[in-house]
>>> print(open('query.pdb').read())   # PDB, C-alpha atoms
ATOM      1  CA  MET Z 690      21.851   8.151   5.760
ATOM      2  CA  SER Z 691      22.473  10.627   2.967
ATOM      3  CA  VAL Z 692      21.206  10.191  -0.560
ATOM      4  CA  SER Z 693      23.970   9.575  -3.083
ATOM      5  CA  ASP Z 694      23.987  10.493  -6.760
ATOM      6  CA  GLN Z 695      23.559   6.854  -7.747
ATOM      7  CA  ASP Z 696      20.174   6.832  -6.028
ATOM      8  CA  PHE Z 697      18.612   9.098  -8.634
ATOM      9  CA  VAL Z 698      16.941   8.052 -11.872
ATOM     10  CA  SER Z 699      14.533   9.696 -14.295
ATOM     11  CA  TYR Z 700      10.986   9.327 -13.007
ATOM     12  CA  ALA Z 701       9.129  10.301 -16.172
ATOM     13  CA  ASP Z 702       8.703   6.665 -17.161
ATOM     14  CA  VAL Z 703       8.220   5.021 -13.768
ATOM     15  CA  ARG Z 704       5.251   6.857 -12.291
ATOM     16  CA  ARG Z 705       1.899   5.254 -12.943
ATOM     17  CA  THR Z 706      -1.533   6.832 -13.290
ATOM     18  CA  VAL Z 707      -4.275   5.448 -11.080
ATOM     19  CA  PRO Z 708      -7.079   4.473 -13.508
ATOM     20  CA  GLY Z 709      -9.932   6.960 -13.668
ATOM     21  CA  THR Z 710      -8.037   9.634 -11.732
ATOM     22  CA  GLU Z 711      -5.434  12.323 -12.262
ATOM     23  CA  LEU Z 712      -3.191  10.763  -9.599
ATOM     24  CA  SER Z 713       0.300   9.989 -10.896
ATOM     25  CA  VAL Z 714       2.154   7.895  -8.356
ATOM     26  CA  PHE Z 715       5.500   6.248  -7.792
ATOM     27  CA  PRO Z 716       4.989   2.470  -8.146
ATOM     28  CA  ILE Z 717       6.332   1.881  -4.626
ATOM     29  CA  ALA Z 718       4.208   3.509  -1.936
ATOM     30  CA  LEU Z 719       5.051   3.780   1.763
ATOM     31  CA  ASP Z 720       2.898   1.841   4.230
ATOM     32  CA  GLY Z 721       2.230   4.067   7.231
ATOM     33  CA  SER Z 722       1.350   1.116   9.477
ATOM     34  CA  ILE Z 723       4.946   0.978  10.618
ATOM     35  CA  PHE Z 724       5.164   4.631  11.690
ATOM     36  CA  GLY Z 725       4.614   5.137  15.384
ATOM     37  CA  TRP Z 726       4.998   1.444  16.075
ATOM     38  CA  ALA Z 727       8.136  -0.237  14.690
ATOM     39  CA  ALA Z 728       9.542   3.110  13.503
ATOM     40  CA  GLY Z 729       9.979   5.996  15.927
ATOM     41  CA  ILE Z 730       9.899   9.718  15.199
ATOM     42  CA  ASP Z 731      13.461  10.061  13.881
ATOM     43  CA  ASP Z 732      13.378   6.943  11.694
ATOM     44  CA  THR Z 733       9.968   7.914  10.331
ATOM     45  CA  ARG Z 734      11.187  11.361   9.315
ATOM     46  CA  GLU Z 735      14.329   9.919   7.713
ATOM     47  CA  VAL Z 736      12.334   7.308   5.770
ATOM     48  CA  LEU Z 737       9.879   9.923   4.516
ATOM     49  CA  GLU Z 738      12.665  12.326   3.527
ATOM     50  CA  TYR Z 739      14.660   9.648   1.714
ATOM     51  CA  TYR Z 740      11.555   8.401  -0.068
ATOM     52  CA  ARG Z 741      10.744  11.888  -1.317
ATOM     53  CA  ALA Z 742      14.379  12.564  -2.288
ATOM     54  CA  VAL Z 743      14.470   9.576  -4.658
ATOM     55  CA  GLY Z 744      11.168  10.482  -6.305
ATOM     56  CA  GLY Z 745       8.572   8.760  -4.122
ATOM     57  CA  ASN Z 746       5.276  10.578  -3.751
ATOM     58  CA  PHE Z 747       2.621   8.189  -2.348
ATOM     59  CA  VAL Z 748       2.046   7.462   1.354
ATOM     60  CA  MET Z 749      -0.792   5.173   2.485
ATOM     61  CA  THR Z 750      -1.823   5.008   6.136
ATOM     62  CA  ALA Z 751      -4.945   4.537   8.284
ATOM     63  CA  ASP Z 752      -6.652   6.479  11.036
ATOM     64  CA  HIS Z 753      -6.175   3.672  13.564
ATOM     65  CA  TYR Z 754      -2.510   2.868  12.893
ATOM     66  CA  ALA Z 755      -0.599   3.254  16.175
ATOM     67  CA  GLY Z 756      -3.723   4.835  17.624
ATOM     68  CA  GLY Z 757      -3.482   7.742  15.189
ATOM     69  CA  ARG Z 758       0.230   8.397  15.701
ATOM     70  CA  SER Z 759       1.029   7.310  12.143
ATOM     71  CA  GLU Z 760      -1.100  10.120  10.725
ATOM     72  CA  ILE Z 761       0.350  12.596  13.235
ATOM     73  CA  MET Z 762       3.930  11.715  12.264
ATOM     74  CA  ILE Z 763       3.148  11.899   8.554
ATOM     75  CA  GLY Z 764       1.340  15.194   9.112
ATOM     76  CA  SER Z 765       4.314  16.826  10.836
ATOM     77  CA  TRP Z 766       6.367  16.001   7.726
ATOM     78  CA  LEU Z 767       3.631  16.845   5.248
ATOM     79  CA  GLU Z 768       3.166  20.403   6.480
ATOM     80  CA  THR Z 769       6.787  21.211   5.536
ATOM     81  CA  LEU Z 770       6.142  20.402   1.857
ATOM     82  CA  ASP Z 771       4.214  21.726  -1.088
ATOM     83  CA  ARG Z 772       1.047  19.671  -0.570
ATOM     84  CA  ASP Z 773       0.711  18.907  -4.284
ATOM     85  CA  GLU Z 774       4.032  17.049  -4.232
ATOM     86  CA  VAL Z 775       2.613  14.125  -2.261
ATOM     87  CA  VAL Z 776      -0.346  11.784  -2.757
ATOM     88  CA  VAL Z 777      -1.767  10.899   0.646
ATOM     89  CA  GLY Z 778      -4.133   8.024   1.258
ATOM     90  CA  THR Z 779      -5.695   6.951   4.532
ATOM     91  CA  LYS Z 780      -8.173   4.308   5.606
ATOM     92  CA  ILE Z 781     -11.177   4.853   7.845
ATOM     93  CA  GLY Z 782     -13.632   2.524   9.547
ATOM     94  CA  ARG Z 783     -11.603   0.972  12.367
ATOM     95  CA  HIS Z 784     -10.719   3.849  14.681
ATOM     96  CA  PRO Z 785     -12.559   3.504  18.022
ATOM     97  CA  ASP Z 786     -13.675   7.142  17.844
ATOM     98  CA  ALA Z 787     -15.194   6.685  14.378
ATOM     99  CA  PRO Z 788     -16.010   2.983  13.928
ATOM    100  CA  GLY Z 789     -17.707   1.627  10.856
ATOM    101  CA  LEU Z 790     -18.852   3.445   7.745
ATOM    102  CA  SER Z 791     -22.015   5.219   8.834
ATOM    103  CA  PRO Z 792     -22.311   8.765   7.453
ATOM    104  CA  ASP Z 793     -21.545  10.183  10.894
ATOM    105  CA  SER Z 794     -18.477   7.962  11.363
ATOM    106  CA  ILE Z 795     -17.162   8.787   7.909
ATOM    107  CA  ARG Z 796     -17.401  12.521   8.496
ATOM    108  CA  ARG Z 797     -15.909  12.332  11.992
ATOM    109  CA  GLY Z 798     -13.181   9.994  10.780
ATOM    110  CA  VAL Z 799     -12.199  12.218   7.870
ATOM    111  CA  GLU Z 800     -12.213  15.387   9.950
ATOM    112  CA  ALA Z 801      -9.988  13.744  12.571
ATOM    113  CA  SER Z 802      -7.614  12.398   9.904
ATOM    114  CA  LEU Z 803      -7.343  15.813   8.264
ATOM    115  CA  GLU Z 804      -6.424  17.326  11.617
ATOM    116  CA  ARG Z 805      -3.804  14.684  12.365
ATOM    117  CA  LEU Z 806      -2.386  14.875   8.829
ATOM    118  CA  ARG Z 807      -2.345  18.685   8.963
ATOM    119  CA  THR Z 808      -3.806  18.977   5.505
ATOM    120  CA  ASP Z 809      -7.017  20.219   3.926
ATOM    121  CA  HIS Z 810      -7.653  17.177   1.748
ATOM    122  CA  ILE Z 811      -7.096  13.428   1.445
ATOM    123  CA  ASP Z 812      -6.177  12.257  -2.044
ATOM    124  CA  LEU Z 813      -7.342   8.677  -1.580
ATOM    125  CA  LEU Z 814      -9.834   7.771   1.132
ATOM    126  CA  ALA Z 815     -10.171   4.026   1.674
ATOM    127  CA  PHE Z 816     -13.064   2.202   3.283
ATOM    128  CA  ASP Z 817     -11.183  -0.149   5.589
ATOM    129  CA  GLY Z 818     -13.007  -3.454   5.304
ATOM    130  CA  ASP Z 819     -16.602  -4.201   4.491
ATOM    131  CA  HIS Z 820     -19.114  -2.912   7.073
ATOM    132  CA  PRO Z 821     -22.450  -4.372   5.932
ATOM    133  CA  GLU Z 822     -24.334  -2.897   8.893
ATOM    134  CA  THR Z 823     -24.396   0.364   6.901
ATOM    135  CA  PRO Z 824     -25.908   0.357   3.385
ATOM    136  CA  LEU Z 825     -23.218   1.152   0.839
ATOM    137  CA  GLU Z 826     -25.423   3.841  -0.654
ATOM    138  CA  ASP Z 827     -25.300   5.719   2.655
ATOM    139  CA  SER Z 828     -21.525   5.406   2.869
ATOM    140  CA  PHE Z 829     -21.031   6.579  -0.701
ATOM    141  CA  ARG Z 830     -23.414   9.488  -0.211
ATOM    142  CA  ALA Z 831     -21.462  10.657   2.840
ATOM    143  CA  ALA Z 832     -18.190  10.344   0.926
ATOM    144  CA  ALA Z 833     -19.713  12.243  -2.019
ATOM    145  CA  GLU Z 834     -20.434  15.190   0.281
ATOM    146  CA  LEU Z 835     -16.805  15.256   1.400
ATOM    147  CA  ILE Z 836     -15.639  15.084  -2.212
ATOM    148  CA  ALA Z 837     -17.925  17.996  -3.114
ATOM    149  CA  GLU Z 838     -16.415  19.957  -0.209
ATOM    150  CA  GLY Z 839     -12.890  19.283  -1.513
ATOM    151  CA  ARG Z 840     -11.855  17.320   1.566
ATOM    152  CA  VAL Z 841     -11.550  14.020  -0.310
ATOM    153  CA  ARG Z 842     -10.532  13.463  -3.933
ATOM    154  CA  HIS Z 843     -11.034   9.748  -4.646
ATOM    155  CA  LEU Z 844     -12.246   6.570  -2.938
ATOM    156  CA  ALA Z 845     -10.631   3.168  -2.406
ATOM    157  CA  ALA Z 846     -11.696  -0.179  -0.965
ATOM    158  CA  SER Z 847      -9.452  -2.190   1.347
ATOM    159  CA  ALA Z 848     -10.006  -5.914   2.002
ATOM    160  CA  TYR Z 849     -13.112  -6.185  -0.190
ATOM    161  CA  SER Z 850     -13.950  -9.326  -2.132
ATOM    162  CA  GLY Z 851     -14.305  -9.128  -5.882
ATOM    163  CA  SER Z 852     -18.066  -9.654  -5.693
ATOM    164  CA  ARG Z 853     -18.444  -6.903  -3.089
ATOM    165  CA  LEU Z 854     -16.389  -4.548  -5.249
ATOM    166  CA  ARG Z 855     -18.700  -5.177  -8.182
ATOM    167  CA  GLU Z 856     -21.764  -4.657  -6.023
ATOM    168  CA  ALA Z 857     -20.346  -1.471  -4.498
ATOM    169  CA  ASN Z 858     -19.577   0.196  -7.800
ATOM    170  CA  ARG Z 859     -22.932  -0.875  -9.227
ATOM    171  CA  ILE Z 860     -24.690   0.785  -6.286
ATOM    172  CA  ALA Z 861     -22.609   3.935  -6.728
ATOM    173  CA  ALA Z 862     -23.397   4.078 -10.446
ATOM    174  CA  ASP Z 863     -27.110   3.438  -9.897
ATOM    175  CA  HIS Z 864     -27.324   6.421  -7.554
ATOM    176  CA  GLY Z 865     -24.977   8.725  -9.437
ATOM    177  CA  LEU Z 866     -22.399   8.636  -6.650
ATOM    178  CA  PRO Z 867     -18.600   8.371  -6.799
ATOM    179  CA  GLY Z 868     -17.419   4.778  -6.433
ATOM    180  CA  PHE Z 869     -14.092   3.104  -5.859
ATOM    181  CA  HIS Z 870     -11.095   3.866  -8.079
ATOM    182  CA  VAL Z 871      -8.681   1.634  -6.172
ATOM    183  CA  ALA Z 872      -8.844  -1.800  -4.539
ATOM    184  CA  LEU Z 873      -6.227  -2.740  -1.942
ATOM    185  CA  GLY Z 874      -5.451  -6.367  -1.182
ATOM    186  CA  GLU Z 875      -2.650  -8.570   0.114
ATOM    187  CA  TYR Z 876      -0.474  -9.919  -2.679
ATOM    188  CA  ASN Z 877       2.951 -11.533  -2.649
ATOM    189  CA  LEU Z 878       4.724 -14.740  -3.628
ATOM    190  CA  MET Z 879       3.292 -16.520  -0.586
ATOM    191  CA  GLU Z 880      -0.266 -15.176  -0.873
ATOM    192  CA  ARG Z 881      -1.538 -15.260  -4.448
ATOM    193  CA  ASP Z 882      -4.909 -16.981  -4.799
ATOM    194  CA  ALA Z 883      -7.317 -14.403  -3.369
ATOM    195  CA  PHE Z 884      -5.713 -11.570  -5.321
ATOM    196  CA  GLU Z 885      -5.247 -13.361  -8.637
ATOM    197  CA  ARG Z 886      -8.519 -15.289  -8.711
ATOM    198  CA  ASP Z 887     -10.843 -12.737  -7.156
ATOM    199  CA  LEU Z 888      -9.639  -9.176  -6.584
ATOM    200  CA  ALA Z 889      -7.570  -8.551  -9.714
ATOM    201  CA  PRO Z 890     -10.226  -9.840 -12.174
ATOM    202  CA  ALA Z 891     -12.868  -7.665 -10.500
ATOM    203  CA  ALA Z 892     -10.588  -4.626 -10.608
ATOM    204  CA  ALA Z 893      -9.833  -5.220 -14.285
ATOM    205  CA  GLU Z 894     -13.520  -5.624 -15.081
ATOM    206  CA  LEU Z 895     -14.373  -2.398 -13.270
ATOM    207  CA  GLY Z 896     -11.420  -0.471 -14.680
ATOM    208  CA  ILE Z 897      -9.997   0.375 -11.275
ATOM    209  CA  GLY Z 898      -6.448   0.131  -9.950
ATOM    210  CA  ALA Z 899      -5.236  -2.781  -7.827
ATOM    211  CA  VAL Z 900      -2.809  -1.961  -5.025
ATOM    212  CA  ALA Z 901      -0.731  -4.758  -3.501
ATOM    213  CA  ARG Z 902      -0.377  -4.756   0.266
ATOM    214  CA  LEU Z 903       2.308  -6.729   2.146
ATOM    215  CA  PRO Z 904       4.308  -7.515  -1.031
ATOM    216  CA  LEU Z 905       7.100  -8.990   1.114
ATOM    217  CA  ALA Z 906       4.810 -11.327   3.090
ATOM    218  CA  SER Z 907       5.333  -9.466   6.371
ATOM    219  CA  GLY Z 908       9.094  -9.530   5.818
ATOM    220  CA  TYR Z 909       9.452 -13.240   5.037
ATOM    221  CA  LEU Z 910      10.642 -12.588   1.485
ATOM    222  CA  THR Z 911      13.619 -10.588   2.708
ATOM    223  CA  GLY Z 912      15.175 -13.940   3.565
ATOM    224  CA  GLU Z 913      15.675 -12.970   7.201
ATOM    225  CA  PHE Z 914      13.209 -15.502   8.630
ATOM    226  CA  ARG Z 915      14.364 -18.962   7.556
ATOM    227  CA  SER Z 916      13.752 -20.496  10.973
ATOM    228  CA  ARG Z 917      11.079 -20.111  13.615
ATOM    229  CA  ASP Z 918      13.919 -19.446  16.043
ATOM    230  CA  VAL Z 919      14.540 -16.040  14.437
ATOM    231  CA  LEU Z 920      12.639 -13.449  16.426
ATOM    232  CA  PRO Z 921      11.112 -10.603  14.396
ATOM    233  CA  PRO Z 922      12.280  -7.098  15.395
ATOM    234  CA  SER Z 923       8.645  -6.129  15.999
ATOM    235  CA  PRO Z 924       5.352  -8.001  16.515
ATOM    236  CA  MET Z 925       4.336  -6.377  13.234
ATOM    237  CA  PHE Z 926       6.524  -8.915  11.406
ATOM    238  CA  ALA Z 927       5.490 -11.974  13.426
ATOM    239  CA  GLN Z 928       3.262 -13.176  10.585
ATOM    240  CA  ALA Z 929       6.416 -13.879   8.548
ATOM    241  CA  LEU Z 930       7.075 -16.970  10.655
ATOM    242  CA  ARG Z 931       3.965 -18.750   9.396
ATOM    243  CA  TYR Z 932       5.646 -19.141   5.999
ATOM    244  CA  VAL Z 933       8.679 -20.972   7.399
ATOM    245  CA  GLY Z 934       8.659 -24.485   5.979
ATOM    246  CA  ARG Z 935       9.191 -26.539   2.847
ATOM    247  CA  ARG Z 936       7.214 -24.351   0.427
ATOM    248  CA  GLY Z 937       8.683 -21.166   1.858
ATOM    249  CA  ASN Z 938      12.213 -22.508   1.590
ATOM    250  CA  LYS Z 939      11.680 -23.358  -2.075
ATOM    251  CA  VAL Z 940      10.448 -19.845  -2.811
ATOM    252  CA  LEU Z 941      13.377 -18.295  -0.967
ATOM    253  CA  GLY Z 942      15.811 -20.533  -2.843
ATOM    254  CA  VAL Z 943      14.641 -19.335  -6.274
ATOM    255  CA  LEU Z 944      14.357 -15.764  -5.033
ATOM    256  CA  GLU Z 945      17.923 -15.837  -3.735
ATOM    257  CA  GLU Z 946      19.263 -17.278  -6.997
ATOM    258  CA  ILE Z 947      17.608 -14.527  -9.055
ATOM    259  CA  ALA Z 948      18.743 -11.844  -6.617
ATOM    260  CA  GLU Z 949      22.364 -12.988  -6.854
ATOM    261  CA  ARG Z 950      22.194 -12.952 -10.639
ATOM    262  CA  HIS Z 951      20.967  -9.350 -10.649
ATOM    263  CA  GLY Z 952      23.156  -8.215  -7.769
ATOM    264  CA  ALA Z 953      20.046  -7.065  -5.941
ATOM    265  CA  PRO Z 954      18.492  -7.677  -2.518
ATOM    266  CA  MET Z 955      15.986 -10.529  -2.306
ATOM    267  CA  SER Z 956      13.358  -8.050  -1.140
ATOM    268  CA  ALA Z 957      13.819  -5.988  -4.300
ATOM    269  CA  VAL Z 958      13.313  -9.051  -6.510
ATOM    270  CA  ALA Z 959      10.187 -10.094  -4.597
ATOM    271  CA  LEU Z 960       8.862  -6.573  -4.999
ATOM    272  CA  GLN Z 961       9.738  -6.552  -8.717
ATOM    273  CA  TRP Z 962       7.690  -9.717  -9.208
ATOM    274  CA  VAL Z 963       4.640  -7.981  -7.721
ATOM    275  CA  MET Z 964       5.197  -4.754  -9.663
ATOM    276  CA  ALA Z 965       5.605  -6.659 -12.936
ATOM    277  CA  LYS Z 966       2.074  -8.016 -12.743
ATOM    278  CA  PRO Z 967      -0.122  -6.049 -15.167
ATOM    279  CA  GLN Z 968      -2.992  -5.732 -12.704
ATOM    280  CA  VAL Z 969      -0.839  -4.029 -10.040
ATOM    281  CA  VAL Z 970      -0.620  -0.233 -10.125
ATOM    282  CA  VAL Z 971       1.264   0.215  -6.857
ATOM    283  CA  ALA Z 972       2.913  -1.945  -4.200
ATOM    284  CA  VAL Z 973       2.739  -0.581  -0.651
ATOM    285  CA  VAL Z 974       5.841  -1.383   1.408
ATOM    286  CA  ARG Z 975       6.840  -1.186   5.060
ATOM    287  CA  ALA Z 976      10.262   0.272   5.832
ATOM    288  CA  LYS Z 977      11.231   0.857   9.451
ATOM    289  CA  ASP Z 978      14.422   2.709   8.531
ATOM    290  CA  VAL Z 979      16.291   4.138   5.569
ATOM    291  CA  TYR Z 980      18.418   1.001   5.173
ATOM    292  CA  GLN Z 981      15.326  -1.134   4.525
ATOM    293  CA  LEU Z 982      13.835   1.474   2.208
ATOM    294  CA  ARG Z 983      17.041   1.716   0.198
ATOM    295  CA  ASP Z 984      16.916  -2.014  -0.531
ATOM    296  CA  LEU Z 985      13.260  -1.767  -1.566
ATOM    297  CA  TYR Z 986      13.872   1.301  -3.667
ATOM    298  CA  LYS Z 987      16.333  -0.723  -5.735
ATOM    299  CA  ALA Z 988      13.304  -2.575  -7.097
ATOM    300  CA  SER Z 989      12.517   0.499  -9.170
ATOM    301  CA  LEU Z 990      15.963   0.598 -10.767
ATOM    302  CA  PHE Z 991      16.051  -2.731 -12.620
ATOM    303  CA  LYS Z 992      13.720  -5.216 -14.283
ATOM    304  CA  ILE Z 993      13.629  -8.931 -13.677
ATOM    305  CA  THR Z 994      13.258 -10.984 -16.844
ATOM    306  CA  ASP Z 995      10.265 -12.895 -18.129
ATOM    307  CA  GLU Z 996      12.192 -16.072 -17.281
ATOM    308  CA  ASP Z 997      12.651 -14.844 -13.702
ATOM    309  CA  ILE Z 998       8.935 -14.128 -13.392
ATOM    310  CA  ALA Z 999       8.046 -17.554 -14.784
ATOM    311  CA  ALA Z1000      10.418 -19.272 -12.334
ATOM    312  CA  LEU Z1001       8.885 -17.417  -9.390
ATOM    313  CA  ASP Z1002       5.397 -18.160 -10.681
ATOM    314  CA  ARG Z1003       6.159 -21.891 -10.752
ATOM    315  CA  VAL Z1004       7.796 -22.171  -7.353
ATOM    316  CA  SER Z1005       5.143 -20.114  -5.570
ATOM    317  CA  ARG Z1006       2.097 -22.005  -6.910
TER     318      ARG Z1006
END
>>> encode(input="query.pdb", output="structure tokens")
Amino acid sequence: MSVSDQDFVSYADVRRTVPGTELSVFPIALDGSIFGWAAGIDDTREVLEYYRAVGGNFVMTADHYAGGRSEIMIGSWLETLDRDEVVVGTKIGRHPDAPGLSPDSIRRGVEASLERLRTDHIDLLAFDGDHPETPLEDSFRAAAELIAEGRVRHLAASAYSGSRLREANRIAADHGLPGFHVALGEYNLMERDAFERDLAPAAAELGIGAVARLPLASGYLTGEFRSRDVLPPSPMFAQALRYVGRRGNKVLGVLEEIAERHGAPMSAVALQWVMAKPQVVVAVVRAKDVYQLRDLYKASLFKITDEDIAALDRVSR
């Protein structure tokens, strides 16, 4: 699919700065979990090219996604660009060749990711889950060495509780080590409590950015899964079916009404609701092809109203 003139807007006022860093990112990031699994080589390249063409500049993946193929596919695209044009994040800690967050695993994981990504540095390195078998001081010290070497720029935490985030950054500060600048957590109209009651307050207290994962509830908020009889196109989206039911139908009803009023896809409205929350710096989205990405991209081109947000807040409680 080609990019038409109507796809372009001015990006000066839509990019957001990650707190405590120099990273300026498009508010919609690409989730690399889909690359190499639900999206093949051609679709992945087309999604990445379209995303960049409309101003996107932030791709978030993990070393274990599709057994490393996600990083390889992103890397083959990345090496064709000016590296400074793209912010690249990856998660470590779950790849079988570098499990956990021991100093040795962190170094091996980062070196392998750099090779697959075909780059000399990772802009945002995320600790993927809490690994209490390794003292956080040891993990931070290993990451600090990689930062000093220029291989890593900033650190993030994925799937950490608010209390663990506070503890982690206290430990980093006590030892003069770099701590987390970003916290990633699931957040959407169907999954609100953990983010709003725990992660977001901790992030605000610490002055770090909150990144919303799965803002479309594994595809449920596209409106495509209104019955358990609808088979997802990939096992990756199977989790959407758990939301089918009375509460889910109510949320979809309000979402559809707002979408019709704005002449926008339901997915774009659901994404707008997430992006409108003051604690959210970026929403990370899955798009298996350009058609899906185009619908999601429309979320950056309009603003839902305060009344829309309030209506979605009420129905999703």
>>> closest_residue(input="query.pdb", among="Z:Arg805, Z:Arg975, Z:Arg758, Z:Lys780", to="Ala845 in chain Z", atoms="only C-alpha atoms")
Z:Lys780
>>> residues_around(input="query.pdb", residues="Ser759 in chain Z", least_positions_apart="3", cutoff="7 Å", atoms="only C-alpha atoms", output="MDAnalysis selection string")
chainID Z and resid 721:722 724:725 754:755 762:763
>>> closest_residue(input="query.pdb", among="Z:Trp726, Z:Phe991, Z:Tyr980, Z:Tyr740", to="Gly756 in chain Z", atoms="all atoms listed in the file")
Z:Trp726
>>> resolve_selection(input="query.pdb", expression="the PyMOL selection byres ((chain Z and resi 901) around 12)", output="ChimeraX atom specification")
/Z:716-720,749,847-848,871-878,880-881,883-885,888-889,898-900,902-906,960-975
>>> closest_residue(input="query.pdb", among="Z:Thr706, Z:Ser907, Z:Ser1005, Z:Ser989", to="Gly937 in chain Z", atoms="all atoms listed in the file")
Z:Ser1005
>>> closest_residue(input="query.pdb", among="Z:Ala862, Z:Ala988, Z:Val777, Z:Leu814", to="Leu844 in chain Z", atoms="only C-alpha atoms")
Z:Leu814
>>> atom_distance(input="query.pdb", atom1="CA of Val958 in chain Z", atom2="CA of Asp997 in chain Z")
9.3 Å
>>> axis_aligned_box(input="query.pdb", around="range 883-892 of chain Z", padding_each_side="6 Å", output="AutoDock Vina command-line options")
--center_x -9.1 --center_y -10.0 --center_z -7.8 --size_x 19.6 --size_y 22.7 --size_z 20.8
>>> residues_around(input="query.pdb", residues="range 711-715 of chain Z", least_positions_apart="5", cutoff="9 Å", atoms="only C-alpha atoms", output="ChimeraX atom specification")
/Z:700,703-706,744-747,775-776,812,970-971
>>> closest_residue(input="query.pdb", among="Z:Ile781, Z:Ile993, Z:Ala959, Z:Leu982", to="Gly942 in chain Z", atoms="all atoms listed in the file")
Z:Ala959
>>> closest_residue(input="query.pdb", among="Z:Gly912, Z:Gly757, Z:Gly934, Z:Gly709", to="Pro954 in chain Z", atoms="only C-alpha atoms")
Z:Gly912
>>> resolve_selection(input="query.pdb", expression="the PyMOL selection byres ((chain Z and resi 736) around 10)", output="number ranges by chain")
Z: 690, 719, 724, 728, 731-735, 737-742, 976-983
>>> write_last_selection(input="query.pdb", atoms="C-alpha atoms", output="compact mmCIF listing (two decimals), in the coordinates of the input")
# COMPACT_ATOMS: atom_id res chain seq x y z
CA MET Z 690 21.85 8.15 5.76
CA LEU Z 719 5.05 3.78 1.76
CA PHE Z 724 5.16 4.63 11.69
CA ALA Z 728 9.54 3.11 13.50
CA ASP Z 731 13.46 10.06 13.88
CA ASP Z 732 13.38 6.94 11.69
CA THR Z 733 9.97 7.91 10.33
CA ARG Z 734 11.19 11.36 9.32
CA GLU Z 735 14.33 9.92 7.71
CA LEU Z 737 9.88 9.92 4.52
CA GLU Z 738 12.66 12.33 3.53
CA TYR Z 739 14.66 9.65 1.71
CA TYR Z 740 11.56 8.40 -0.07
CA ARG Z 741 10.74 11.89 -1.32
CA ALA Z 742 14.38 12.56 -2.29
CA ALA Z 976 10.26 0.27 5.83
CA LYS Z 977 11.23 0.86 9.45
CA ASP Z 978 14.42 2.71 8.53
CA VAL Z 979 16.29 4.14 5.57
CA TYR Z 980 18.42 1.00 5.17
CA GLN Z 981 15.33 -1.13 4.53
CA LEU Z 982 13.84 1.47 2.21
CA ARG Z 983 17.04 1.72 0.20
>>> resolve_selection(input="query.pdb", expression="the PyMOL selection byres ((chain Z and resi 807) around 12)", output="MDAnalysis selection string")
chainID Z and resid 760:770 772 777 799:806 808:811
>>> atom_distance(input="query.pdb", atom1="CA of Arg840 in chain Z", atom2="CA of Thr779 in chain Z")
12.4 Å
>>> atom_distance(input="query.pdb", atom1="CA of Pro708 in chain Z", atom2="CA of His820 in chain Z")
25.0 Å
